[in-house]
Structures are given as structure tokens and as C-alpha cells.
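Participant: Supplied structure: run-v8.pdb, PDB, C-alpha atoms and all ligand atoms.
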```
MODEL        1
ATOM      1  CA  MET A 154       0.000   0.000   0.000
ATOM      2  CA  ILE A 155       1.253   3.461  -0.878
ATOM      3  CA  THR A 156       0.282   6.583   0.999
ATOM      4  CA  TYR A 157       1.356  10.153   0.337
ATOM      5  CA  VAL A 158       1.688  12.768   3.126
ATOM      6  CA  ASP A 159       2.436  16.465   3.396
ATOM      7  CA  ALA A 160       6.243  16.537   3.777
ATOM      8  CA  THR A 161       6.114  19.071   6.598
ATOM      9  CA  THR A 162       4.373  16.539   8.858
ATOM     10  CA  LYS A 163       6.941  13.777   8.335
ATOM     11  CA  ALA A 164      10.266  13.919  10.204
ATOM     12  CA  ARG A 165      11.554  10.362   9.598
ATOM     13  CA  ARG A 166      11.660   7.850   6.807
ATOM     14  CA  THR A 167       8.564   5.683   7.032
ATOM     15  CA  ALA A 168       8.223   2.641   4.769
ATOM     16  CA  GLY A 169       5.574   3.150   2.102
ATOM     17  CA  VAL A 170       4.878   6.772   3.041
ATOM     18  CA  ILE A 171       5.882   9.235   0.338
ATOM     19  CA  PRO A 172       6.280  12.904   1.299
ATOM     20  CA  LEU A 173       4.824  15.540  -1.013
ATOM     21  CA  HIS A 174       6.682  18.846  -0.801
ATOM     22  CA  GLY A 175       5.316  22.347  -1.313
ATOM     23  CA  ALA A 176       6.850  25.627  -2.423
ATOM     24  CA  GLU A 177       9.135  25.808   0.615
ATOM     25  CA  GLY A 178      10.651  22.407  -0.166
ATOM     26  CA  PHE A 179      11.173  23.263  -3.822
ATOM     27  CA  GLU A 180      12.860  26.537  -2.878
ATOM     28  CA  GLY A 181      15.120  24.773  -0.354
ATOM     29  CA  MET A 182      16.037  22.104  -2.906
ATOM     30  CA  ARG A 183      16.696  24.724  -5.584
ATOM     31  CA  ARG A 184      19.293  26.388  -3.355
ATOM     32  CA  ALA A 185      20.901  23.163  -2.110
ATOM     33  CA  GLY A 186      20.933  21.676  -5.615
ATOM     34  CA  ALA A 187      22.471  24.782  -7.170
ATOM     35  CA  LEU A 188      25.234  24.830  -4.563
ATOM     36  CA  THR A 189      26.029  21.142  -5.110
ATOM     37  CA  ALA A 190      26.152  21.710  -8.865
ATOM     38  CA  ARG A 191      28.501  24.671  -8.464
ATOM     39  CA  ALA A 192      30.766  22.580  -6.225
ATOM     40  CA  LEU A 193      30.931  19.819  -8.860
ATOM     41  CA  ASP A 194      31.784  22.479 -11.472
ATOM     42  CA  GLU A 195      34.611  23.798  -9.298
ATOM     43  CA  LEU A 196      36.045  20.310  -8.764
ATOM     44  CA  THR A 197      36.671  19.893 -12.501
ATOM     45  CA  PRO A 198      40.273  21.246 -12.618
ATOM     46  CA  PHE A 199      41.263  18.947  -9.730
ATOM     47  CA  VAL A 200      40.252  15.730 -11.478
ATOM     48  CA  GLU A 201      43.596  15.441 -13.266
ATOM     49  CA  ALA A 202      46.392  12.903 -13.707
ATOM     50  CA  GLY A 203      48.693  12.902 -10.672
ATOM     51  CA  VAL A 204      46.093  14.285  -8.266
ATOM     52  CA  PRO A 205      44.874  11.924  -5.509
ATOM     53  CA  THR A 206      41.142  11.676  -4.855
ATOM     54  CA  SER A 207      41.829  12.820  -1.275
ATOM     55  CA  THR A 208      42.529  16.264  -2.782
ATOM     56  CA  ILE A 209      39.109  16.289  -4.485
ATOM     57  CA  ASP A 210      37.580  15.338  -1.131
ATOM     58  CA  ARG A 211      39.383  18.194   0.639
ATOM     59  CA  VAL A 212      38.386  20.756  -1.994
ATOM     60  CA  ALA A 213      34.750  19.642  -1.709
ATOM     61  CA  TYR A 214      34.873  19.921   2.070
ATOM     62  CA  GLU A 215      36.361  23.424   1.918
ATOM     63  CA  PHE A 216      33.773  24.506  -0.660
ATOM     64  CA  ALA A 217      30.976  23.339   1.624
ATOM     65  CA  ARG A 218      32.486  25.055   4.666
ATOM     66  CA  ASP A 219      33.016  28.333   2.783
ATOM     67  CA  ASN A 220      29.400  28.325   1.566
ATOM     68  CA  GLY A 221      27.565  27.534   4.794
ATOM     69  CA  ALA A 222      26.830  23.933   3.845
ATOM     70  CA  VAL A 223      27.750  20.500   5.221
ATOM     71  CA  PRO A 224      28.542  17.371   3.171
ATOM     72  CA  ALA A 225      25.822  14.843   4.056
ATOM     73  CA  THR A 226      28.183  11.858   3.905
ATOM     74  CA  VAL A 227      30.489  12.922   6.748
ATOM     75  CA  PHE A 228      29.546  10.612   9.651
ATOM     76  CA  TYR A 229      26.809   9.026   7.505
ATOM     77  CA  LYS A 230      26.627   5.355   8.589
ATOM     78  CA  GLY A 231      30.313   5.507   9.512
ATOM     79  CA  TYR A 232      31.428   7.101   6.229
ATOM     80  CA  ARG A 233      34.015   9.817   6.889
ATOM     81  CA  HIS A 234      34.432  11.692   3.611
ATOM     82  CA  SER A 235      32.750  14.555   1.745
ATOM     83  CA  VAL A 236      32.511  12.769  -1.606
ATOM     84  CA  CYS A 237      32.538   9.309  -3.117
ATOM     85  CA  THR A 238      35.115   8.913  -5.907
ATOM     86  CA  SER A 239      34.472   5.880  -8.092
ATOM     87  CA  ILE A 240      37.182   5.101 -10.652
ATOM     88  CA  ASN A 241      36.900   2.829 -13.741
ATOM     89  CA  HIS A 242      35.369  -0.511 -12.624
ATOM     90  CA  VAL A 243      34.194   0.988  -9.317
ATOM     91  CA  VAL A 244      30.396   1.250  -9.593
ATOM     92  CA  CYS A 245      29.788   3.597  -6.649
ATOM     93  CA  HIS A 246      30.812   4.488  -3.075
ATOM     94  CA  GLY A 247      34.553   4.575  -3.856
ATOM     95  CA  ILE A 248      36.472   6.073  -0.914
ATOM     96  CA  PRO A 249      38.877   8.979  -1.556
ATOM     97  CA  ASP A 250      42.513   7.996  -0.935
ATOM     98  CA  GLU A 251      46.121   8.996  -1.636
ATOM     99  CA  ARG A 252      46.547   7.165  -4.966
ATOM    100  CA  PRO A 253      47.119   9.584  -7.851
ATOM    101  CA  LEU A 254      44.661   9.547 -10.765
ATOM    102  CA  ARG A 255      46.091   8.302 -14.055
ATOM    103  CA  ASP A 256      45.651   9.380 -17.645
ATOM    104  CA  GLY A 257      42.698   7.463 -19.136
ATOM    105  CA  ASP A 258      40.822   6.991 -15.848
ATOM    106  CA  ILE A 259      37.103   7.776 -15.700
ATOM    107  CA  VAL A 260      35.971   9.063 -12.306
ATOM    108  CA  ASN A 261      32.538   9.606 -10.809
ATOM    109  CA  VAL A 262      32.406  12.223  -8.053
ATOM    110  CA  ASP A 263      29.225  12.051  -5.963
ATOM    111  CA  LEU A 264      28.484  14.938  -3.593
ATOM    112  CA  THR A 265      25.535  15.766  -1.360
ATOM    113  CA  LEU A 266      25.528  19.212   0.241
ATOM    114  CA  VAL A 267      23.105  20.054   3.031
ATOM    115  CA  LEU A 268      22.099  23.723   2.933
ATOM    116  CA  ASP A 269      19.570  25.034   5.477
ATOM    117  CA  GLY A 270      18.531  21.421   6.064
ATOM    118  CA  TRP A 271      17.873  20.561   2.387
ATOM    119  CA  HIS A 272      19.939  17.904   0.559
ATOM    120  CA  GLY A 273      21.284  18.506  -2.956
ATOM    121  CA  ASP A 274      22.597  15.146  -4.258
ATOM    122  CA  SER A 275      24.380  14.906  -7.607
ATOM    123  CA  SER A 276      27.182  13.034  -9.319
ATOM    124  CA  ARG A 277      28.985  13.267 -12.631
ATOM    125  CA  MET A 278      31.714  11.603 -14.656
ATOM    126  CA  TYR A 279      35.115  13.238 -15.076
ATOM    127  CA  PRO A 280      37.500  11.934 -17.766
ATOM    128  CA  VAL A 281      41.203  12.120 -16.845
ATOM    129  CA  GLY A 282      43.165  13.175 -19.934
ATOM    130  CA  GLU A 283      42.578  11.044 -23.015
ATOM    131  CA  ILE A 284      40.112   8.214 -22.420
ATOM    132  CA  SER A 285      39.330   5.177 -24.564
ATOM    133  CA  ARG A 286      36.563   5.172 -27.151
ATOM    134  CA  LYS A 287      34.644   2.543 -25.173
ATOM    135  CA  ALA A 288      34.878   4.666 -22.017
ATOM    136  CA  GLU A 289      33.506   7.627 -23.989
ATOM    137  CA  ARG A 290      30.611   5.521 -25.272
ATOM    138  CA  LEU A 291      29.822   4.281 -21.763
ATOM    139  CA  ILE A 292      29.759   7.811 -20.370
ATOM    140  CA  GLU A 293      27.608   9.102 -23.235
ATOM    141  CA  VAL A 294      25.070   6.266 -22.869
ATOM    142  CA  THR A 295      24.920   6.778 -19.091
ATOM    143  CA  TYR A 296      23.982  10.453 -19.622
ATOM    144  CA  GLN A 297      21.437   9.560 -22.278
ATOM    145  CA  SER A 298      19.868   7.039 -19.898
ATOM    146  CA  LEU A 299      19.522   9.666 -17.160
ATOM    147  CA  GLU A 300      17.999  12.100 -19.684
ATOM    148  CA  ALA A 301      15.477   9.432 -20.715
ATOM    149  CA  GLY A 302      14.629   8.824 -17.057
ATOM    150  CA  ILE A 303      14.104  12.541 -16.462
ATOM    151  CA  ALA A 304      11.874  12.799 -19.548
ATOM    152  CA  ALA A 305       9.663  10.074 -18.045
ATOM    153  CA  ALA A 306       9.460  11.816 -14.646
ATOM    154  CA  LYS A 307       6.019  13.455 -14.807
ATOM    155  CA  PRO A 308       2.530  13.121 -13.357
ATOM    156  CA  GLY A 309       0.587  10.302 -15.017
ATOM    157  CA  ASN A 310       3.708   8.136 -15.157
ATOM    158  CA  THR A 311       5.076   5.807 -12.475
ATOM    159  CA  THR A 312       8.518   5.134 -11.016
ATOM    160  CA  GLY A 313       8.566   2.051 -13.262
ATOM    161  CA  ASP A 314       8.307   4.252 -16.352
ATOM    162  CA  ILE A 315      11.519   6.002 -15.268
ATOM    163  CA  GLY A 316      13.322   2.685 -14.770
ATOM    164  CA  ALA A 317      12.051   1.269 -18.052
ATOM    165  CA  ALA A 318      13.232   4.345 -19.978
ATOM    166  CA  ILE A 319      16.734   4.087 -18.474
ATOM    167  CA  GLN A 320      16.956   0.350 -19.098
ATOM    168  CA  ALA A 321      15.854   0.700 -22.725
ATOM    169  CA  VAL A 322      18.646   3.197 -23.465
ATOM    170  CA  ALA A 323      21.391   1.152 -21.765
ATOM    171  CA  GLU A 324      20.391  -2.258 -23.061
ATOM    172  CA  GLY A 325      19.739  -0.803 -26.524
ATOM    173  CA  GLU A 326      23.504  -0.130 -26.592
ATOM    174  CA  ARG A 327      24.222  -3.628 -25.206
ATOM    175  CA  MET A 328      25.263  -2.239 -21.849
ATOM    176  CA  SER A 329      23.734  -3.237 -18.493
ATOM    177  CA  VAL A 330      21.946  -1.543 -15.595
ATOM    178  CA  VAL A 331      23.176  -2.142 -12.036
ATOM    179  CA  ARG A 332      20.317  -3.511  -9.889
ATOM    180  CA  ASP A 333      21.868  -3.273  -6.421
ATOM    181  CA  PHE A 334      21.678   0.516  -5.940
ATOM    182  CA  VAL A 335      18.699   2.780  -6.558
ATOM    183  CA  GLY A 336      17.681   6.424  -6.619
ATOM    184  CA  HIS A 337      15.830   7.725  -3.591
ATOM    185  CA  GLY A 338      13.501  10.338  -2.251
ATOM    186  CA  LEU A 339      15.265  13.211  -0.497
ATOM    187  CA  GLY A 340      14.620  16.641   0.960
ATOM    188  CA  ARG A 341      15.168  17.271   4.641
ATOM    189  CA  LEU A 342      16.178  13.594   4.721
ATOM    190  CA  PHE A 343      19.145  12.261   2.699
ATOM    191  CA  HIS A 344      17.420   8.990   1.791
ATOM    192  CA  ASP A 345      13.619   8.870   1.836
ATOM    193  CA  GLU A 346      10.760   7.135   0.034
ATOM    194  CA  PRO A 347      10.313   6.225  -2.757
ATOM    195  CA  ASN A 348      13.098   4.035  -4.153
ATOM    196  CA  ILE A 349      13.748   4.762  -7.820
ATOM    197  CA  LEU A 350      14.792   1.602  -9.665
ATOM    198  CA  HIS A 351      16.817   2.194 -12.826
ATOM    199  CA  PHE A 352      15.159  -0.753 -14.598
ATOM    200  CA  GLY A 353      11.668  -2.167 -14.711
ATOM    201  CA  THR A 354       8.343  -2.442 -16.438
ATOM    202  CA  PRO A 355       6.350   0.554 -17.718
ATOM    203  CA  GLY A 356       3.425   1.323 -15.420
ATOM    204  CA  SER A 357       4.863  -0.576 -12.429
ATOM    205  CA  GLY A 358       5.860   0.979  -9.108
ATOM    206  CA  VAL A 359       4.487   4.172  -7.625
ATOM    207  CA  PRO A 360       2.387   6.798  -9.463
ATOM    208  CA  LEU A 361       4.310  10.093  -9.707
ATOM    209  CA  LYS A 362       2.621  13.088  -8.066
ATOM    210  CA  PRO A 363       3.494  16.809  -7.999
ATOM    211  CA  GLY A 364       5.580  17.500  -4.900
ATOM    212  CA  MET A 365       7.610  14.275  -4.955
ATOM    213  CA  ILE A 366      11.345  14.961  -4.729
ATOM    214  CA  PHE A 367      13.899  12.243  -5.521
ATOM    215  CA  THR A 368      17.165  11.391  -7.255
ATOM    216  CA  ILE A 369      17.699   9.475 -10.471
ATOM    217  CA  GLU A 370      21.217   8.016 -10.510
ATOM    218  CA  PRO A 371      21.709   5.178 -12.996
ATOM    219  CA  MET A 372      24.869   3.061 -12.832
ATOM    220  CA  ILE A 373      25.604   1.525 -16.239
ATOM    221  CA  ASN A 374      28.205  -1.200 -16.924
ATOM    222  CA  LEU A 375      29.952  -2.138 -20.171
ATOM    223  CA  GLY A 376      29.735  -5.793 -19.115
ATOM    224  CA  ARG A 377      27.387  -7.665 -16.820
ATOM    225  CA  PRO A 378      25.315  -5.884 -14.150
ATOM    226  CA  HIS A 379      26.636  -7.778 -11.114
ATOM    227  CA  VAL A 380      28.567  -6.017  -8.374
ATOM    228  CA  LYS A 381      30.490  -6.994  -5.268
ATOM    229  CA  ILE A 382      31.477  -4.945  -2.219
ATOM    230  CA  LEU A 383      35.169  -4.802  -1.292
ATOM    231  CA  ALA A 384      36.493  -5.553   2.214
ATOM    232  CA  ASP A 385      36.324  -1.843   3.184
ATOM    233  CA  GLY A 386      32.538  -2.327   3.372
ATOM    234  CA  TRP A 387      31.800   0.504   0.908
ATOM    235  CA  THR A 388      33.483   0.216  -2.481
ATOM    236  CA  ALA A 389      31.189  -1.476  -5.022
ATOM    237  CA  VAL A 390      32.926  -2.884  -8.113
ATOM    238  CA  THR A 391      31.782  -4.766 -11.195
ATOM    239  CA  ARG A 392      32.257  -8.518 -10.680
ATOM    240  CA  ASP A 393      33.609  -8.891 -14.216
ATOM    241  CA  ARG A 394      35.856  -5.808 -13.751
ATOM    242  CA  THR A 395      34.339  -4.032 -16.775
ATOM    243  CA  LEU A 396      34.014  -0.231 -16.703
ATOM    244  CA  SER A 397      31.059   1.373 -14.932
ATOM    245  CA  ALA A 398      29.691   4.921 -15.090
ATOM    246  CA  GLN A 399      27.064   6.865 -13.137
ATOM    247  CA  CYS A 400      25.417  10.276 -13.169
ATOM    248  CA  GLU A 401      22.847  11.677 -10.752
ATOM    249  CA  HIS A 402      20.405  14.560 -10.545
ATOM    250  CA  SER A 403      18.015  15.604  -7.778
ATOM    251  CA  ILE A 404      14.570  16.449  -9.210
ATOM    252  CA  GLY A 405      11.084  17.479  -8.109
ATOM    253  CA  ILE A 406       7.832  16.465  -9.822
ATOM    254  CA  THR A 407       5.767  19.481 -10.956
ATOM    255  CA  GLU A 408       2.229  19.735 -12.401
ATOM    256  CA  THR A 409       3.548  19.278 -15.938
ATOM    257  CA  GLY A 410       6.856  17.416 -15.651
ATOM    258  CA  CYS A 411       9.816  17.880 -13.373
ATOM    259  CA  GLU A 412      12.327  20.457 -12.207
ATOM    260  CA  VAL A 413      16.004  19.464 -12.107
ATOM    261  CA  PHE A 414      17.624  21.030  -9.031
ATOM    262  CA  THR A 415      21.276  20.145  -9.770
ATOM    263  CA  LEU A 416      21.865  21.563 -13.266
ATOM    264  CA  SER A 417      25.448  22.752 -13.822
ATOM    265  CA  PRO A 418      25.681  26.551 -13.989
ATOM    266  CA  ALA A 419      28.757  26.188 -16.226
ATOM    267  CA  GLY A 420      27.168  23.553 -18.479
ATOM    268  CA  LEU A 421      29.662  20.911 -17.339
ATOM    269  CA  PHE A 422      27.246  18.154 -16.271
ATOM    270  CA  ASN A 423      28.038  15.911 -19.237
ATOM    271  CA  PRO A 424      31.806  16.234 -19.680
ATOM    272  CA  LEU A 425      31.665  14.909 -23.246
ATOM    273  CA  ALA A 426      28.890  17.210 -24.446
ATOM    274  CA  SER A 427      31.392  19.668 -25.865
ATOM    275  CA  ARG A 428      33.577  16.975 -27.486
ATOM    276  CA  SER A 429      32.805  15.611 -30.921
ATOM    277  CA  ALA A 430      31.518  12.100 -30.157
TER     278      ALA A 430
HETATM  279  N1  LIG A 501      25.452  10.234  -2.545
HETATM  280  C1  LIG A 501      25.143   8.829  -2.547
HETATM  281  C2  LIG A 501      23.784   8.717  -3.160
HETATM  282  O1  LIG A 501      23.652   9.108  -4.292
HETATM  283  C3  LIG A 501      25.172   8.211  -1.188
HETATM  284  C4  LIG A 501      26.556   8.087  -0.644
HETATM  285  S1  LIG A 501      26.488   7.436   0.923
HETATM  286  C5  LIG A 501      28.098   7.266   1.344
HETATM  287  O2  LIG A 501      22.798   8.330  -2.593
HETATM  288  F1  LIG A 501      28.101   7.054   2.596
HETATM  289  F2  LIG A 501      28.622   6.276   0.631
HETATM  290  F3  LIG A 501      28.772   8.344   1.054
HETATM  291 CO    CO A 502      21.657   9.749  -4.322
HETATM  292 CO    CO A 503      24.743  10.890  -4.702
ENDMDL
END
```
Write out the structure in this file as C-alpha cells.
Facilitator:
Amino acid sequence: MITYVDATTKARRTAGVIPLHGAEGFEGMRRAGALTARALDELTPFVEAGVPTSTIDRVAYEFARDNGAVPATVFYKGYRHSVCTSINHVVCHGIPDERPLRDGDIVNVDLTLVLDGWHGDSSRMYPVGEISRKAERLIEVTYQSLEAGIAAAKPGNTTGDIGAAIQAVAEGERMSVVRDFVGHGLGRLFHDEPNILHFGTPGSGVPLKPGMIFTIEPMINLGRPHVKILADGWTAVTRDRTLSAQCEHSIGITETGCEVFTLSPAGLFNPLASRSA
């Protein structure tokens, strides 16, 4: 059974209860999302060969501090860093460390900034120097899949329509959709109802209603969809060690479609958009 409630009456995640946000929530998310997007823009020059991901983490932390925000992941379930940095066959939740990035790496940086209590959650791909043609294709298809998911995010559709749209794009290019991690409601909470699966059947899941706020964050693999978690308890990698990519926006359902809260002010969300593909 699904129920929807006014978001202002709901302080904790409750299974099956979906908060519907009003103008105040949308305004809060607009500000938090814009700040997260600007932070991801400003990280771009640091995602370079020779630079360790710990530097990216530090720059993100300092950006948050200097702008009155807090990274949601610090002290989240024992996580201690401001960003996740997921390189090559790492699917998600890679932990920043001292190893320098190398030419040809593809890196996802995932950042959630909390501003005035609202969570802006977004991630993008960053190519390091020259990357392979297959890495470029993977990144491009991952962005197209997110775009297809966003296009399906409107009243009259369901969460399953979003997943089906993403899956059709990825599998149409003979790539695969990771099943083990999903998008999520957010707002004053980091992870709320509903779950947003990045695969599925049209018409399944939860009907989309104006006021719902959630992420779409497909993880797409060049090989098979299966993942395993490394001994650190966080890092998820492809079992077959093929490349994986991810991109994430925070959105809100409106009367006619959706509003994307985490658009890049500098137009850097898809790093390959300006390259000739
Ligand atoms: N930002 C991630 C998401 O998109 C969550 C990271 S949780 C962490 O939901 F603890 F791994 F950082
Ligand atoms: Co998220
Ligand atoms: Co995220």
C-alpha cells in the first residue's frame, strides 16, 4: 500500500509513506541543488592525472564550509568523507585515498551538500586526460539514460516508467543496468521514500505526483550488471571488472513534468557534451 503525506508533517523515513513537498521544499532544494552543482563544477580542474582523490575530497569539504553547507556523507553510517570517488570498474561508493589519478581513468564524483537542512545530491563523470573510445561511449550512454529517465518523470507516469526508460537506453547499446543501488527520495532527509529503480516495467511501481522529490542516478556497466562490495565495506565494483559509469540529478515532480535542481551553472554536467563524439 502506498500513501502520500504532506512533507512538513513527516520527520523520519517511514516505509511506504511518500512525502509531497510544497513551495518551501522546492525553494530549499533549488538552493541546495544549485550549490552542489557549483561545487561539482569547481572540482573539474582537480580531477587530473597525478592528483589523488583525497585532494578532491578536501576541496569539496572546503567549498561546503566556505558556503555555509555540510557534506551529508560525513559521519553518515560511519562514512568519513565529503565525496565518493568511483574510478573505472568501481560502480559507486569509492572512498577517496592517496593514490594519484592516471591518464585514461574515468571518475565519478558524488556529492551531497546540506544547505539550510535541504539535501542537494548529484554526481557526474570526469574523464582524466585522453580516455578510450569505449569509455567515452559508456559515459555518453549513461547520460542519455539519465535524460530518458528525467523525460519520463512526470505526473501520469510511475517510477517504473523512469526505470524502463533508463533500461531501454542502456540495453539498446548492449550495456547493463546495475540492480543493487537505486535512486531515492530526499529533501530534509538524505534517503527517503520512494526508491527509484533504474530498470523495470512501464506502469509498475508508484504513481508520480506533484511534490515528490527524488534522485535518479543510474549506474551503467559495459559488461554484466553484477557487483560486489570490497572488504572496506563501501566500495562497489563490477564482478567482471568491466568499466562502470554513473550520473545523478536531484529532481522534483511538478504539475507538468519535473524540475532538475542540480543543473550545472557552467554547463559541465556531461563532460563529453562539448567533445565531438
Ligand atoms: N550520494 C550517494 C547517493 O547518491 C550516497 C553516498 S552514501 C556514502 O545516494 F556514505 F557512501 F557516502
Ligand atoms: Co543519491
Ligand atoms: Co549521490
Participant: List, as a list in words, every residue that the PyMOL selection byres (((not hetatm)) within 6 of (chain A and resi 501)) selects in the file provided.
Facilitator: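 Written out, the selection comes to Thr226, Tyr229, Tyr232, Cys237, His246, Asp263, Leu264, Thr265 and Asp274 of chain A.
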Participant: Which residues sit within 12 Å of ligand CO 503 (chain A), counting all atoms listed in the file, listed as an NGL selection string?
Facilitator: :A and (186 or 189-190 or 193 or 224-226 or 235-239 or 245-247 or 261-266 or 272-277 or 334-339 or 343-344 or 367-372 or 399-403 or 415)
Participant: Taking all listed atoms of segment 410-428 of chain A, build the axis-aligned box, pad each of the six sides by 4 Å, then write its centre and edge lengths in Å to one decimal as JSON.
Facilitator:
```
{"center_x": 20.2, "center_y": 20.7, "center_z": -18.3, "size_x": 34.7, "size_y": 19.6, "size_z": 26.5}
```
Participant: Please expand the PyMOL selection byres (((chain A and resi 174) around 10) and not hetatm) into the concrete residues it hits in this file, giving the result as a PDB file with C-alpha atoms, in the frame of the given file.
Facilitator:
```pdb
ATOM      1  CA  VAL A 158       1.688  12.768   3.126  1.00  0.00           C
ATOM      2  CA  ASP A 159       2.436  16.465   3.396  1.00  0.00           C
ATOM      3  CA  ALA A 160       6.243  16.537   3.777  1.00  0.00           C
ATOM      4  CA  THR A 161       6.114  19.071   6.598  1.00  0.00           C
ATOM      5  CA  ILE A 171       5.882   9.235   0.338  1.00  0.00           C
ATOM      6  CA  PRO A 172       6.280  12.904   1.299  1.00  0.00           C
ATOM      7  CA  LEU A 173       4.824  15.540  -1.013  1.00  0.00           C
ATOM      8  CA  GLY A 175       5.316  22.347  -1.313  1.00  0.00           C
ATOM      9  CA  ALA A 176       6.850  25.627  -2.423  1.00  0.00           C
ATOM     10  CA  GLU A 177       9.135  25.808   0.615  1.00  0.00           C
ATOM     11  CA  GLY A 178      10.651  22.407  -0.166  1.00  0.00           C
ATOM     12  CA  PHE A 179      11.173  23.263  -3.822  1.00  0.00           C
ATOM     13  CA  GLY A 340      14.620  16.641   0.960  1.00  0.00           C
ATOM     14  CA  PRO A 363       3.494  16.809  -7.999  1.00  0.00           C
ATOM     15  CA  GLY A 364       5.580  17.500  -4.900  1.00  0.00           C
ATOM     16  CA  MET A 365       7.610  14.275  -4.955  1.00  0.00           C
ATOM     17  CA  ILE A 366      11.345  14.961  -4.729  1.00  0.00           C
ATOM     18  CA  GLY A 405      11.084  17.479  -8.109  1.00  0.00           C
ATOM     19  CA  ILE A 406       7.832  16.465  -9.822  1.00  0.00           C
TER      20      ILE A 406
END
```
Participant: Return the single residue from A:Leu361, A:Val170, A:Ala398, A:Ala202 that is closest to Val281 of chain A, with distances computed using all atoms listed in the file.
Facilitator: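 Answer, going by the shortest atom-to-atom distance: A:Ala202.
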Participant: Could you check how far atom CA of Ala164 of chain A sits from atom CA of Met182 of chain A, in Å to one decimal?
Facilitator: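 Atom-to-atom, atom CA of Ala164 of chain A and atom CA of Met182 of chain A are spaced 16.5 Å apart.
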Participant: Neighbours of segment 303-315 of chain A within 8 Å (only C-alpha atoms; same-chain residues fewer than 5 positions away dropped), as a PyMOL selection string?
Facilitator: chain A and resi 349-363+369+406-411
Participant: Name the residues captured by the PyMOL selection byres (((chain A and resi 421) around 10) and not hetatm) when it is applied to the shown file; answer as a ChimeraX atom specification.
Facilitator: /A:190-191,193-195,197,277-279,416-420,422-427
Participant: Which one is closest to ligand CO 502 (chain A): A:Asp256, A:Glu283, A:Asp345, A:Asp269? Count only C-alpha atoms and all ligand atoms.
Facilitator: A:Asp345
Participant: Interatomic distance between atom CA of Ala318 of chain A and atom CA of Leu188 of chain A?
Facilitator: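 Computing it gives 28.3 Å between the two atoms.
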Participant: Which one is closest to Glu251 of chain A: A:Gly270, A:Gly221, A:Gly282, A:Gly203? Count all atoms listed in the file.
Facilitator: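 Closest to Glu251 of chain A of all the choices is A:Gly203.
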Participant: Could you please determine the separation between atom CA of His242 of chain A and atom CA of Arg394 of chain A in Å, to one decimal place?
Facilitator: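 Separation between atom CA of His242 of chain A and atom CA of Arg394 of chain A: 5.4 Å.
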Participant: Take the point (38.7, 16.7, -6.5) as written in the file and pick out every residue within 7 Å of it, counting only C-alpha atoms; give the list as number ranges by chain.
Facilitator: A: 196, 199-200, 206, 208-210, 212-213
Participant: For a quick check of understanding, using all atoms listed in the file, which of A:Pro198, A:Gly376, A:Pro347, A:Gly386 has the smallest distance to ligand CO 502 (chain A)?
Facilitator: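 Closest candidate: A:Pro347.
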Participant: Kindly indicate which residue among A:Ala301, A:Leu268, A:Ala288, A:Met328 lies nearest to Arg218 of chain A, using only C-alpha atoms for the distances.
Facilitator: A:Leu268
